[in-house]
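The structure under discussion appears below in the form of structure tokens.
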Amino acid sequence: MTDTPTTTNGHHPTEPLDLIPLPDAPTDPTAPADRVTRDTSYEIALDEEPPAAAKPVTVDLPGDGIVPGTVPAEGRRPIIPTGLHRGNRAASAQATAHRLGYVAAFHTVRLPWYSVQALGWSVVGMVRLIGRQLRWWWVSEQYALLQQAASDNDPDRWLKLHREGKATRRWRGIVLALQVIAVIIATLIVAGLPLAFQLLTIAALVPLLARSGRPAGRPIIAPAVVTRRYRKLNSDVVLRAYYAAGLGHPDRSDQQIEFGAQMARDGNGSRVLINLPYGRTFAEAVKAREKIASGLDVSIAQVALTRDPASNRSHWLWVADADPLALPAGRTPLLACKETDIWQPAPLGLDERGRQVSLLMMWISILVGAQPRQGKSFTARLLALYAALDPYVRLDVFDGKGSPDWRKFALVAHSCSFGFTLSRDGDPLEIFVQMLRDLKADVQQRYQHLSELPVEVCPEGKLTREIARNPKYNMPVRLVIIDECQEYFDTGDKELNKEIAGLLVYLVKVAPAAGIVVLDATQKPGGVGAGDVATSFTSFRDNHQVRIALRTGSYTVSDMVLGSGAYSEGFDSSVLLPSYKGVGILRGASDETPTVRFYLADAEDAEKILTAARALRQRAGTLTGHAAGQTMIRETRDVLADAASVFQSGETGLDWAQMAARLAERIPEHYTDLTAETISAQLRALGITSVNIKRDGQVLKGAKQAAITAALAARQSSTS
């Protein structure tokens, strides 16, 4: 390679761009010694001066695209192929044998059909061969010359051509007759040979005749292995893509695309560092990802952009050889049925580049959204199965559609219900509402208790792994799973809808920090409920920190699932193909937003994992609630906890009459005939002061929520 004049981005005006320029910056003799003339600001050099002897660096992959260092310079191939090196011979022989065996089996199965086709096309080939010989004998190519002579009114030329044609036909007729005689003699000889030789002769002639008779471009024997189409990157292709996407301009020196590193192979694709023009950002490149894919002439799934931490105008472009999302990630590693730890990331699947994607479930709420039958429940269930294998995690599982997807979780769930149809366990809706009330009271008690624990036990006032696993504190990590969560916002009872909406909004906002993970799945992320309930559902949806969107119907639905601004950043789950089962976009878990091929755990796998999870819980002594056969209706009532559960979101106090009415409505088995005077006396006996409460412009006696919460925390502290 020789040094040639280059433009500001290293592109010679008449040559393909394949170099990164490292020019010698001109110096100013009057400038201070610590100052460089290029890219300076406020007398401080931003970039280091390149070495004076620096040479251009090759951008394009050398040779045939093998990783640099594995082939000699100048693109020369190795003298002895890598597969024939001493350490690789056994593997190469095995791979070759497998391939040849597959090809042989493929064609053996299809041999009868090949034979039928060959016989049919051989007949056509024989007819074509006879017709070709007859046309040759009759000198048919002379017709055009005779016609031209007649058109030119040249009888002498016509007669000459006619005489020459007759002589040629006479000679060719003799040759053709000899050919016929030879064929007859050969046929008689073959007919007198043994059957085996006859068959060999036919086997030799049929392929030749079939090749002559088959249509052009239609082979009789199809290839056993289909060669995949893939894009081999080079600098010209990349530049074309970025300029077509509007991220720069080739004719403007300040708007040209540069390369920051040598192009290299990376896994099943190629990558290169792209430097956008000054003022352009990584976010703009992400938005233009679809146009970049078009410019590269590949599918959008084959293009991945990764932020460069050194500069916001730089990023890594990775282009897969083939669509990486079309290949399933395989079955979940949870099938090993080993004990997990909720405090460690859960394996989700593989990203576009085949890298493992995991998710730490602590301290977050998770929303999974997609169209029906795109893997929404399977994806949510994958996280729930990971939590189930941790015997110290308490599970509450509720499915608004009542499908079989979640029913096996009854083996480990502390509380659960499926659909809205009455069952032996009671009314599913009542079980769900009671779980929410108890969970809210639990969250409030946890915060109070954590704030009172000594620093050596709870150093930051937050739940720790040791506290969560110590039964003394009764604060295990809890995972609340709600599939088809939108169904619980529209139960048909307006007052109940409001209560459920308030409780769910409270949980996604407040509960994760107390060690309670909320996992929700929906196929309808918008337009649920009316009035305050609709507003609450929007607030509920938007307060999930981590979002997973599998295929959705439109970019607006995708934005509802992934969160506002996802589409403007280039993330749209509606462009995922219908054939991508179990593929979705993960947003909010880290700085990156990967497209994930989620692991598969079907119904049989889930049952196997849950059976093992139940055994782990039995061994650890953590099987509780429904899974342990405990009834959801309590034998004794807890006035203090029940009173705390009836407060709705935003309420700081309730008068005695209102509290009595709510208790009678929600827990009728214990409070059917409860009056304002009775509940007042019971709570005052437990240390709750009767204070003035404003209601509908009136001042009535009642209790403050803070006082009840404090009393609960004090009781918990005294019993621990």
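Ligands are numbered from 1 in the order shown, chains are lettered A, B, ... in the order of the structure tokens, and residues start at 1 in each chain.
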
Among segment 85-304 of chain A, which residues carry a DSSP assignment of strand (DSSP E or B), reported as a ChimeraX atom specification? /A:258-259,264-266,269-275,303-304

Would you return as a ChimeraX atom specification the members of segment 184-406 of chain A that DSSP assigns to alpha helix (DSSP H) on this structure's backbone? /A:184-191,195-213,235-244,282-287,289-296,376-388

Give me the residues of segment 367-441 of chain A that have any atom at most 7 Å from an atom of segment 545-559 of chain A; for each, the nearest atom pair and the distance in Å, rounded to one decimal. Use only C-alpha atoms, sort by chain and number, and format it as JSON lines.
```
{"residue": "A:Leu367", "atom": "CA", "partner": "A:Arg547", "partner_atom": "CA", "distance": 4.9}
{"residue": "A:Val368", "atom": "CA", "partner": "A:Ile548", "partner_atom": "CA", "distance": 4.7}
{"residue": "A:Gly369", "atom": "CA", "partner": "A:Ala549", "partner_atom": "CA", "distance": 5.0}
{"residue": "A:Ala370", "atom": "CA", "partner": "A:Leu550", "partner_atom": "CA", "distance": 4.9}
{"residue": "A:Gln371", "atom": "CA", "partner": "A:Thr552", "partner_atom": "CA", "distance": 5.2}
{"residue": "A:Gln374", "atom": "CA", "partner": "A:Arg551", "partner_atom": "CA", "distance": 6.4}
{"residue": "A:Lys376", "atom": "CA", "partner": "A:Leu550", "partner_atom": "CA", "distance": 6.8}
```

For Tyr506 of chain A, find every residue with an atom within 12 Å (counting only C-alpha atoms), except residues of its own chain fewer than 5 positions away, and show them as an mmCIF file with N, CA, C and O atoms, in the first residue's frame.
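Output file selection.cif is given in full below:
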```cif
data_model
loop_
_atom_site.group_PDB
_atom_site.id
_atom_site.type_symbol
_atom_site.label_atom_id
_atom_site.label_comp_id
_atom_site.auth_asym_id
_atom_site.auth_seq_id
_atom_site.Cartn_x
_atom_site.Cartn_y
_atom_site.Cartn_z
ATOM 1 N N SER A 365 -40.399 -3.257 38.441
ATOM 2 C CA SER A 365 -41.644 -3.855 37.971
ATOM 3 C C SER A 365 -41.494 -4.047 36.463
ATOM 4 O O SER A 365 -40.825 -3.263 35.783
ATOM 5 N N LEU A 436 -54.209 -8.071 46.998
ATOM 6 C CA LEU A 436 -53.734 -6.698 46.841
ATOM 7 C C LEU A 436 -53.805 -5.931 48.150
ATOM 8 O O LEU A 436 -52.879 -5.178 48.495
ATOM 9 N N ARG A 437 -54.880 -6.103 48.893
ATOM 10 C CA ARG A 437 -55.003 -5.404 50.182
ATOM 11 C C ARG A 437 -53.910 -5.852 51.144
ATOM 12 O O ARG A 437 -53.261 -5.022 51.807
ATOM 13 N N LEU A 439 -51.115 -7.174 50.385
ATOM 14 C CA LEU A 439 -49.814 -6.780 49.871
ATOM 15 C C LEU A 439 -49.518 -5.316 50.178
ATOM 16 O O LEU A 439 -48.386 -4.957 50.535
ATOM 17 N N LYS A 440 -50.524 -4.474 50.091
ATOM 18 C CA LYS A 440 -50.325 -3.063 50.427
ATOM 19 C C LYS A 440 -49.972 -2.911 51.893
ATOM 20 O O LYS A 440 -49.038 -2.163 52.248
ATOM 21 N N ALA A 441 -50.686 -3.632 52.738
ATOM 22 C CA ALA A 441 -50.374 -3.579 54.169
ATOM 23 C C ALA A 441 -48.971 -4.109 54.430
ATOM 24 O O ALA A 441 -48.229 -3.569 55.266
ATOM 25 N N VAL A 443 -46.401 -3.990 52.348
ATOM 26 C CA VAL A 443 -45.438 -2.978 51.905
ATOM 27 C C VAL A 443 -45.268 -1.909 52.968
ATOM 28 O O VAL A 443 -44.140 -1.506 53.312
ATOM 29 N N GLN A 444 -46.373 -1.432 53.517
ATOM 30 C CA GLN A 444 -46.300 -0.380 54.539
ATOM 31 C C GLN A 444 -45.568 -0.871 55.783
ATOM 32 O O GLN A 444 -44.761 -0.143 56.377
ATOM 33 N N GLU A 499 -60.979 0.569 43.255
ATOM 34 C CA GLU A 499 -60.113 0.071 44.326
ATOM 35 C C GLU A 499 -58.939 -0.717 43.758
ATOM 36 O O GLU A 499 -57.785 -0.520 44.159
ATOM 37 N N ILE A 500 -59.232 -1.621 42.815
ATOM 38 C CA ILE A 500 -58.157 -2.420 42.212
ATOM 39 C C ILE A 500 -57.161 -1.519 41.499
ATOM 40 O O ILE A 500 -55.934 -1.700 41.624
ATOM 41 N N ALA A 501 -57.669 -0.537 40.767
ATOM 42 C CA ALA A 501 -56.782 0.377 40.044
ATOM 43 C C ALA A 501 -55.870 1.119 41.013
ATOM 44 O O ALA A 501 -54.658 1.231 40.779
ATOM 45 N N ALA A 511 -44.055 -0.690 45.676
ATOM 46 C CA ALA A 511 -43.693 -2.017 46.168
ATOM 47 C C ALA A 511 -42.302 -2.495 45.761
ATOM 48 O O ALA A 511 -41.640 -3.166 46.562
ATOM 49 N N PRO A 512 -41.794 -2.234 44.531
ATOM 50 C CA PRO A 512 -40.486 -2.799 44.158
ATOM 51 C C PRO A 512 -39.364 -2.449 45.119
ATOM 52 O O PRO A 512 -38.508 -3.294 45.404
ATOM 53 N N ALA A 513 -39.360 -1.234 45.648
ATOM 54 C CA ALA A 513 -38.290 -0.841 46.562
ATOM 55 C C ALA A 513 -38.363 -1.576 47.887
ATOM 56 O O ALA A 513 -37.392 -1.573 48.658
ATOM 57 N N ILE A 516 -40.693 -6.275 46.579
ATOM 58 C CA ILE A 516 -41.848 -6.918 45.956
ATOM 59 C C ILE A 516 -41.817 -6.597 44.466
ATOM 60 O O ILE A 516 -42.000 -5.451 44.058
ATOM 61 N N VAL A 518 -43.198 -6.790 40.689
ATOM 62 C CA VAL A 518 -44.491 -6.895 40.009
ATOM 63 C C VAL A 518 -44.225 -7.216 38.538
ATOM 64 O O VAL A 518 -43.529 -6.466 37.845
ATOM 65 N N SER A 536 -55.934 5.689 35.750
ATOM 66 C CA SER A 536 -55.131 4.831 36.628
ATOM 67 C C SER A 536 -54.410 3.748 35.843
ATOM 68 O O SER A 536 -53.259 3.408 36.140
ATOM 69 N N PHE A 537 -55.085 3.183 34.827
ATOM 70 C CA PHE A 537 -54.438 2.143 34.030
ATOM 71 C C PHE A 537 -53.227 2.716 33.291
ATOM 72 O O PHE A 537 -52.180 2.069 33.207
ATOM 73 N N SER A 539 -51.411 5.255 34.240
ATOM 74 C CA SER A 539 -50.380 5.450 35.252
ATOM 75 C C SER A 539 -49.744 4.127 35.643
ATOM 76 O O SER A 539 -48.526 4.025 35.808
ATOM 77 N N PHE A 540 -50.571 3.095 35.782
ATOM 78 C CA PHE A 540 -50.076 1.757 36.099
ATOM 79 C C PHE A 540 -49.119 1.268 35.018
ATOM 80 O O PHE A 540 -48.017 0.776 35.303
ATOM 81 N N ARG A 541 -49.513 1.405 33.764
ATOM 82 C CA ARG A 541 -48.680 0.945 32.646
ATOM 83 C C ARG A 541 -47.366 1.708 32.572
ATOM 84 O O ARG A 541 -46.296 1.121 32.371
ATOM 85 N N ASN A 543 -45.634 3.179 34.826
ATOM 86 C CA ASN A 543 -44.736 3.137 35.980
ATOM 87 C C ASN A 543 -43.934 1.840 36.070
ATOM 88 O O ASN A 543 -43.290 1.590 37.091
ATOM 89 N N HIS A 544 -43.958 1.023 35.023
ATOM 90 C CA HIS A 544 -43.094 -0.151 34.982
ATOM 91 C C HIS A 544 -41.708 0.280 34.511
ATOM 92 O O HIS A 544 -41.577 0.954 33.492
ATOM 93 N N PHE A 647 -57.764 1.383 53.198
ATOM 94 C CA PHE A 647 -57.417 2.718 52.728
ATOM 95 C C PHE A 647 -57.073 2.661 51.243
ATOM 96 O O PHE A 647 -56.335 1.780 50.791
ATOM 97 N N GLN A 648 -57.605 3.600 50.473
ATOM 98 C CA GLN A 648 -57.311 3.678 49.055
ATOM 99 C C GLN A 648 -56.180 4.664 48.812
ATOM 100 O O GLN A 648 -55.784 5.427 49.699
ATOM 101 N N SER A 649 -55.643 4.609 47.589
ATOM 102 C CA SER A 649 -54.517 5.466 47.247
ATOM 103 C C SER A 649 -54.871 6.943 47.433
ATOM 104 O O SER A 649 -55.911 7.417 46.959
ATOM 105 N N GLY A 650 -54.013 7.654 48.145
ATOM 106 C CA GLY A 650 -54.206 9.084 48.369
ATOM 107 C C GLY A 650 -54.987 9.423 49.625
ATOM 108 O O GLY A 650 -55.061 10.594 50.013
ATOM 109 N N GLU A 651 -55.599 8.441 50.286
ATOM 110 C CA GLU A 651 -56.372 8.695 51.502
ATOM 111 C C GLU A 651 -55.445 8.690 52.713
ATOM 112 O O GLU A 651 -54.632 7.776 52.891
#
```

Give me the residues within 9 Å of Ala301 of chain A as a list in words, counting only C-alpha atoms and dropping any in the same chain fewer than 4 places off.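 Those residues are Ala293, Val319, Ala320, Ala322, Asp323, Pro324, Leu325, Glu352, Leu576 and Thr595 of chain A.
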
Export C-alpha atoms of the chosen residues as a compact mmCIF listing (two decimals), in the first residue's frame?
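Result file is part-v4.txt:
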```txt
# COMPACT_ATOMS: atom_id res chain seq x y z
CA ALA A 293 -30.37 -1.63 6.68
CA VAL A 319 -24.05 -6.56 10.40
CA ALA A 320 -25.01 -10.23 10.64
CA ALA A 322 -28.02 -13.78 7.92
CA ASP A 323 -31.16 -12.93 9.88
CA PRO A 324 -30.18 -13.78 13.49
CA LEU A 325 -33.77 -13.59 14.78
CA GLU A 352 -29.05 -10.46 17.76
CA LEU A 576 -40.96 -7.87 14.01
CA THR A 595 -33.87 -7.52 20.54
```

I want to know what sits within 12 Å of Gln344 of chain A, based on only C-alpha atoms, with residues of the same chain fewer than 2 positions away left out; could you give that as a PyMOL selection string? chain A and resi 339-342+346-347+358-362+386-387+390+465

Output the selection as a compact mmCIF listing (two decimals), in the first residue's frame - all heavy atoms for each residue.
```
# COMPACT_ATOMS: atom_id res chain seq x y z
N GLU A 339 -31.38 -24.91 41.95
CA GLU A 339 -31.86 -23.78 42.75
C GLU A 339 -31.28 -22.48 42.21
O GLU A 339 -30.10 -22.40 41.86
CB GLU A 339 -31.45 -23.97 44.20
CG GLU A 339 -31.96 -22.87 45.12
CD GLU A 339 -31.65 -23.14 46.58
OE1 GLU A 339 -31.60 -24.34 46.97
OE2 GLU A 339 -31.44 -22.16 47.33
N THR A 340 -32.11 -21.45 42.10
CA THR A 340 -31.69 -20.14 41.61
C THR A 340 -31.66 -19.14 42.76
O THR A 340 -32.02 -19.47 43.90
CB THR A 340 -32.65 -19.64 40.51
OG1 THR A 340 -33.98 -19.54 41.06
CG2 THR A 340 -32.66 -20.59 39.33
N ASP A 341 -31.26 -17.93 42.44
CA ASP A 341 -31.19 -16.87 43.44
C ASP A 341 -31.76 -15.61 42.81
O ASP A 341 -31.22 -15.09 41.83
CB ASP A 341 -29.73 -16.65 43.86
CG ASP A 341 -29.60 -15.67 45.02
OD1 ASP A 341 -30.60 -15.01 45.37
OD2 ASP A 341 -28.49 -15.56 45.57
N ILE A 342 -32.87 -15.12 43.34
CA ILE A 342 -33.54 -13.94 42.79
C ILE A 342 -32.65 -12.71 42.82
O ILE A 342 -32.87 -11.76 42.08
CB ILE A 342 -34.86 -13.67 43.55
CG1 ILE A 342 -35.76 -12.71 42.76
CG2 ILE A 342 -34.56 -13.10 44.93
CD1 ILE A 342 -36.34 -13.29 41.53
N ALA A 346 -31.63 -13.26 35.93
CA ALA A 346 -32.31 -14.42 35.34
C ALA A 346 -31.97 -14.50 33.86
O ALA A 346 -32.03 -13.49 33.15
CB ALA A 346 -33.81 -14.28 35.53
N PRO A 347 -31.64 -15.69 33.34
CA PRO A 347 -31.35 -15.82 31.90
C PRO A 347 -32.63 -15.70 31.08
O PRO A 347 -33.60 -16.40 31.31
CB PRO A 347 -30.74 -17.22 31.80
CG PRO A 347 -31.32 -17.97 32.96
CD PRO A 347 -31.50 -16.96 34.06
N SER A 358 -29.66 -11.32 30.19
CA SER A 358 -30.22 -11.66 31.50
C SER A 358 -30.84 -10.42 32.12
O SER A 358 -30.61 -9.30 31.67
CB SER A 358 -29.14 -12.25 32.41
OG SER A 358 -28.05 -11.36 32.54
N LEU A 359 -31.62 -10.63 33.16
CA LEU A 359 -32.36 -9.53 33.78
C LEU A 359 -32.37 -9.72 35.29
O LEU A 359 -32.79 -10.77 35.78
CB LEU A 359 -33.80 -9.49 33.25
CG LEU A 359 -34.73 -8.47 33.90
CD1 LEU A 359 -34.24 -7.05 33.63
CD2 LEU A 359 -36.16 -8.64 33.40
N LEU A 360 -31.89 -8.72 36.02
CA LEU A 360 -31.99 -8.72 37.47
C LEU A 360 -33.37 -8.21 37.85
O LEU A 360 -33.73 -7.06 37.56
CB LEU A 360 -30.90 -7.82 38.08
CG LEU A 360 -30.90 -7.73 39.60
CD1 LEU A 360 -30.64 -9.10 40.24
CD2 LEU A 360 -29.85 -6.73 40.07
N MET A 361 -34.16 -9.04 38.49
CA MET A 361 -35.57 -8.73 38.74
C MET A 361 -35.79 -7.89 39.99
O MET A 361 -36.89 -7.37 40.19
CB MET A 361 -36.36 -10.04 38.84
CG MET A 361 -36.31 -10.87 37.58
SD MET A 361 -36.99 -12.52 37.79
CE MET A 361 -38.71 -12.14 38.14
N MET A 362 -34.80 -7.80 40.85
CA MET A 362 -34.97 -7.04 42.09
C MET A 362 -35.14 -5.55 41.81
O MET A 362 -34.54 -5.00 40.90
CB MET A 362 -33.77 -7.26 43.01
CG MET A 362 -33.70 -8.65 43.61
SD MET A 362 -35.15 -9.04 44.62
CE MET A 362 -35.05 -7.79 45.89
N TYR A 386 -37.97 -18.80 36.89
CA TYR A 386 -36.69 -18.53 37.54
C TYR A 386 -36.92 -18.21 39.02
O TYR A 386 -36.21 -18.70 39.90
CB TYR A 386 -35.98 -17.36 36.84
CG TYR A 386 -34.66 -17.00 37.47
CD1 TYR A 386 -33.50 -17.70 37.13
CD2 TYR A 386 -34.56 -15.97 38.39
CE1 TYR A 386 -32.28 -17.38 37.69
CE2 TYR A 386 -33.34 -15.64 38.96
CZ TYR A 386 -32.20 -16.35 38.61
OH TYR A 386 -30.99 -16.02 39.19
N ALA A 387 -37.93 -17.38 39.29
CA ALA A 387 -38.23 -17.03 40.68
C ALA A 387 -38.74 -18.24 41.45
O ALA A 387 -38.48 -18.39 42.65
CB ALA A 387 -39.25 -15.90 40.72
N ASP A 390 -36.15 -20.34 43.17
CA ASP A 390 -35.59 -19.78 44.40
C ASP A 390 -36.58 -20.06 45.53
O ASP A 390 -37.65 -19.44 45.58
CB ASP A 390 -35.35 -18.28 44.26
CG ASP A 390 -34.67 -17.67 45.48
OD1 ASP A 390 -34.69 -18.31 46.56
OD2 ASP A 390 -34.13 -16.56 45.37
N ARG A 465 -30.41 -9.41 51.08
CA ARG A 465 -30.60 -10.84 50.87
C ARG A 465 -30.69 -11.58 52.20
O ARG A 465 -31.50 -12.50 52.36
CB ARG A 465 -29.43 -11.38 50.03
CG ARG A 465 -29.55 -12.84 49.63
CD ARG A 465 -28.37 -13.23 48.74
NE ARG A 465 -28.49 -14.60 48.26
CZ ARG A 465 -28.05 -15.66 48.94
NH1 ARG A 465 -27.49 -15.50 50.13
NH2 ARG A 465 -28.19 -16.88 48.44
```

Need to verify the contact set: Leu296 of chain A, 9 Å, only C-alpha atoms, exclusion of same-chain residues closer than 2 positions in sequence. Can you return it as a ChimeraX atom specification? /A:231,233,237-238,240-242,291-294,298-299,303,319

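Minimum distance to Ala661 of chain A across A:Thr535, A:Leu350, A:Thr678, A:Gly492 (counting only C-alpha atoms) occurs at A:Thr678.
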
Would you please work out which residue, of A:Tyr671, A:Tyr102, A:Phe259, A:Phe598, is nearest to Arg355 of chain A when using only C-alpha atoms?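 So, comparing all the options, the nearest one is A:Phe598.
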
Near Thr538 of chain A, counting only C-alpha atoms, which residues have an atom at most 12 Å away, once you skip same-chain residues fewer than 2 positions from it, shown as a list in words?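 In the requested format, the answer is Gln486, Phe489, Ala501, Gly502, Leu504, Val505, Val508, Lys524, Pro525, Gly526, Gly527, Val528, Gly529, Ala530, Gly531, Asp532, Val533, Ala534, Thr535, Ser536, Phe540, Arg541, Asp542, Asn543, His544, Met560, Val561, Gly563 and Ser564 of chain A.
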
Would you compute the distance between atom CA of Leu178 of chain A and atom CA of Leu134 of chain A? Give it in Å to one decimal. 13.7 Å

Distance of atom CA of Arg662 of chain A from atom CA of Val646 of chain A, expressed in Å to one decimal place: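 One can read the atom CA of Val646 of chain A to atom CA of Arg662 of chain A distance as 6.5 Å.
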
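When only C-alpha atoms are used to measure the gap to Ala468 of chain A, the shortest distance among A:Val393, A:Leu411, A:Ala703, A:Leu519 belongs to A:Val393.
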
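Ranking A:Leu453, A:Ala589, A:Ala105, A:Ala203 by their shortest atom-to-atom distance to Ser122 of chain A, with only C-alpha atoms included, puts A:Ala203 first.
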
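Shortest atom-to-atom contact with Gly565 of chain A among A:Ile181, A:Val272, A:Ala283, A:Ala336: A:Ala283, counting only C-alpha atoms.
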